[in-house]
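K.L.:
A single structure is presented below for examination.
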Amino acid sequence: MADVLAVCEVRDGAVRGVSREVVGAAARLAGELGGSTHALLLGPPGVGSGAADLGEIGADRIYVAEDDDFGLYHPEASVRAVAELNGSGAYGAILFPATAQGKDLAPRCAARLDCGLATDATEVEVEKEGLVVTRPLYAGKALARMKFAAAPALVSLRPNVFSPDPRPAAGEIVALEVASEPRRIRVREIEAGERGKLDVAEASVVVSGGRGLQDADHWALLEDLVDALGEGAALGASRAVVDAGWRPHGEQVGQTGKTVAPNLYFAVGISGAIQHLAGMRTANVIVAINKDPEAPIFGVADYGIVGDLFEVLPRLAEEIRAVRAAQ
């Protein structure tokens with residue numbers, strides 16, 4: 001079959017931005033396969049109000065299951081919904097976001113459907129031999145190309161890699177009834193970060209700090225730079241900083257944190273360990289600030305400033321404010 005299913009993620013009753021990336025990728029893949037794009041939404045009553053927006057990026061049909069039981073992630077019901085939609089092989093591919101939830105759900109679906117799964121993909125292509133997926137290995141040191149020999153091909157997509165394109169479709173909305181499934185796992189709550197604070201994975205500009213800041217109290221310098229950059233900017237951190245307790249884990253960028261792909265990425269006082277590079281090297285423009293001219297971060301940076309960050313940051317924030325004020 002040539003149809004492609006995008007499994008969307010819902011948080012606080014709304015469709016998450018990463019779901020648009022998955023639907024956009026599914027639409028491109030379905031176009032190459034000559035099939036249709038379907039999307040699956042499971043959420044609390046009212047989640048269907050955002051379903052029509054998925055049609056703007058190529059979803060031909062959106063299956064919506066609304067129930068209070070879906071207010072928080074329900075793994076068993078989600079697996080059942082995917083399995084029932086696939087039926088006896090309805091889809092050529094089923095795509096998931098490679099988020100914390102997607103990393104839990106995708107292998108469960110692969111086990112239920114008894115089929116292959118490629119995780120954290122950065123590229124999905126249709127070639128003569130079939131569907132081929134590219135995924136990074138060893139913290140991005142190598143790339144593996146995997147070919148699926150059977151359908152459906154289950155793939156989780158790395159966030160901030162696949163951008164949705166405007167592909168207006170009819171966007172037929174279909175109500176879906178999901179049969180009850182015994183709960184073996186229950187999500188009690190999702191602890192969110194500070195309200196009103198932009199998630200580092202969704203920011204267009206990220207300012208990340210490392211051990212070079214020396215102390216948690218010096219984070220005010222980064223916060224001032226974020227404020228100068230304005231809307232769309234967010235704070236990030238290296239693993240060493242998070243392990244030291246200076247910043248929350250939700251801000252961690254890297255192999256064991258979040259993968260980001262902003263338009264602009266500042267690496268401040270970060271040496272550039274391969275684990276950190278794995279989470280940010282796909283940024284469009286990388287600016288490194290470090291007093292060590294031999295720091296590995298300069299090897300991936302588009303622009304580098306060799307200097308004392310305690311002198312550079314205040315001046316940089318001042319100049320950015322001056323430029324923005326003149327516009």
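Labels for the structure tokens follow display order: chains A, B, ..., residues from 1 in each chain, ligands from 1.
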Tell me, as an MDAnalysis selection string, which residues lie within 10 Å of A:Glu32, counting only C-alpha atoms; anything in the same chain fewer than 5 positions away does not count.

P.N.:
chainID A and resid 2 26:27 125:127

K.L.:
I'd like the contact shell of stretch 173-178 of chain A - 7 Å cut-off, only C-alpha atoms, skipping same-chain residues fewer than 2 positions apart - returned as number ranges by chain.

P.N.:
A: 61-65, 77, 81, 171, 180

K.L.:
Those same residues, written as an mmCIF file, in the first residue's frame with N, CA and C atoms?

P.N.:
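Once written, out-v5.cif looks like this:
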data_model
loop_
_atom_site.group_PDB
_atom_site.id
_atom_site.type_symbol
_atom_site.label_atom_id
_atom_site.label_comp_id
_atom_site.auth_asym_id
_atom_site.auth_seq_id
_atom_site.Cartn_x
_atom_site.Cartn_y
_atom_site.Cartn_z
ATOM 1 N N ARG A 61 -6.791 12.892 5.212
ATOM 2 C CA ARG A 61 -7.796 12.378 6.146
ATOM 3 C C ARG A 61 -7.218 12.418 7.552
ATOM 4 N N ILE A 62 -8.000 12.929 8.501
ATOM 5 C CA ILE A 62 -7.553 13.017 9.890
ATOM 6 C C ILE A 62 -8.510 12.218 10.760
ATOM 7 N N TYR A 63 -7.995 11.169 11.370
ATOM 8 C CA TYR A 63 -8.782 10.361 12.300
ATOM 9 C C TYR A 63 -8.666 10.985 13.693
ATOM 10 N N VAL A 64 -9.812 11.258 14.304
ATOM 11 C CA VAL A 64 -9.825 11.921 15.609
ATOM 12 C C VAL A 64 -10.588 11.069 16.613
ATOM 13 N N ALA A 65 -9.925 10.743 17.712
ATOM 14 C CA ALA A 65 -10.575 10.021 18.810
ATOM 15 C C ALA A 65 -10.538 10.924 20.035
ATOM 16 N N ALA A 77 -4.078 2.289 24.489
ATOM 17 C CA ALA A 77 -5.112 2.724 23.546
ATOM 18 C C ALA A 77 -4.487 3.260 22.259
ATOM 19 N N ALA A 81 -5.203 1.860 18.516
ATOM 20 C CA ALA A 81 -5.711 2.723 17.445
ATOM 21 C C ALA A 81 -4.863 2.582 16.183
ATOM 22 N N GLY A 171 -8.562 17.471 3.757
ATOM 23 C CA GLY A 171 -8.556 17.334 5.207
ATOM 24 C C GLY A 171 -9.839 16.762 5.767
ATOM 25 N N SER A 180 -11.867 -0.205 24.183
ATOM 26 C CA SER A 180 -11.155 -0.135 25.455
ATOM 27 C C SER A 180 -10.010 -1.140 25.490
#

K.L.:
Considering only C-alpha atoms, return as a VMD selection string whatever protein or nucleic-acid residues lie within 7 Å of A:Pro262, sequence-local ones (same chain, fewer than 3 positions apart) excluded.

P.N.:
chain A and resid 203 to 206 265 283 to 284

K.L.:
Write out as a list of chain:residue names all residues of stretch 167-266 of chain A that backbone DSSP assigns to helix (DSSP H, G or I).

P.N.:
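Filtering stretch 167-266 of chain A down to helix (DSSP H, G or I) leaves A:Val200, A:Ala201, A:Glu202, A:Arg211, A:Gly212, A:Leu213, A:Ala216, A:Asp217, A:His218, A:Trp219, A:Ala220, A:Leu221, A:Leu222, A:Glu223, A:Asp224, A:Leu225, A:Val226, A:Asp227, A:Ala228, A:Leu229, A:Arg239, A:Ala240, A:Val241, A:Val242, A:Asp243, A:His249, A:Gly250, A:Glu251.
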
K.L.:
Quick one: distance from atom CA of A:Asp3 to atom CA of A:Asp165 in Å, one decimal?

P.N.:
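Calculated distance between atom CA of A:Asp3 and atom CA of A:Asp165 is 18.2 Å.
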
K.L.:
Which is closest to A:Glu9 among A:Gly236, A:Gly89, A:Pro75, A:Gly116, if we use only C-alpha atoms?

P.N.:
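Among the listed residues, A:Pro75 lies closest to A:Glu9.
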
K.L.:
To test your reading of the structure, identify every residue in stretch 289-322 of chain A that backbone DSSP assigns to strand (DSSP E or B), and report it as number ranges by chain.

P.N.:
A: 289-290, 303-306

K.L.:
Would you mind exporting the chosen residues as a PDB file, in the first residue's frame, restricted to C-alpha atoms?

P.N.:
ATOM      1  CA  ILE A 289      32.022  32.090  22.099  1.00  0.00           C
ATOM      2  CA  ASN A 290      34.956  30.521  23.941  1.00  0.00           C
ATOM      3  CA  TYR A 303      31.166  32.376  13.347  1.00  0.00           C
ATOM      4  CA  GLY A 304      33.532  32.222  16.288  1.00  0.00           C
ATOM      5  CA  ILE A 305      34.532  34.711  18.961  1.00  0.00           C
ATOM      6  CA  VAL A 306      37.684  33.864  20.896  1.00  0.00           C
TER       7      VAL A 306
END

K.L.:
Might you pull out every residue within 7 Å of A:Lys147, with only C-alpha atoms counted and same-chain residues fewer than 3 positions away left off, and present them as JSON, numbers by chain?

P.N.:
{"A": [130, 131, 132, 133]}

K.L.:
Determine the nearest neighbour of A:Lys141 from the options A:Ala169, A:Val287, A:Ala273, A:Val323, counting only C-alpha atoms.

P.N.:
A:Ala273

K.L.:
Identify which of the residues A:Ile190, A:Leu157, A:Leu117, A:Val241 lies closest to A:Arg11, counting only C-alpha atoms when measuring atom-to-atom distances.

P.N.:
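Result for the nearest residue to A:Arg11: A:Ile190.
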
K.L.:
Please measure the separation of atom CA of A:Leu213 and atom CA of A:Gly299, giving the value in Å to one decimal.

P.N.:
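Distance between the two atoms: 20.6 Å.
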
K.L.:
Name all residues at most 7 Å from stretch 242-254 of chain A (count only C-alpha atoms; drop same-chain ones fewer than 6 positions away) and give them as a PyMOL selection string.

P.N.:
chain A and resi 200+216+235-236+275-280

K.L.:
Can you pull out the residues contacting A:Ser88? Cut-off 12 Å, using only C-alpha atoms, and skip same-chain residues under 4 positions away; I want them as a VMD selection string.

P.N.:
chain A and resid 1 82 to 84 92 113 to 114 151 to 152

K.L.:
Let me see the file: selected residues, C-alpha atoms, as a CSV table (one decimal), in the first residue's frame.

P.N.:
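So out_20.csv came out as:
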chain,number,residue,atom,x,y,z
A,1,MET,CA,0.0,0.0,0.0
A,82,VAL,CA,-2.6,2.4,15.2
A,83,ALA,CA,-3.1,-1.3,14.8
A,84,GLU,CA,-6.8,-1.0,14.0
A,92,GLY,CA,3.1,1.6,3.4
A,113,LEU,CA,2.3,-5.1,14.1
A,114,ASP,CA,5.4,-7.4,14.1
A,151,ALA,CA,5.3,-2.9,5.0
A,152,PRO,CA,4.4,-1.0,7.0
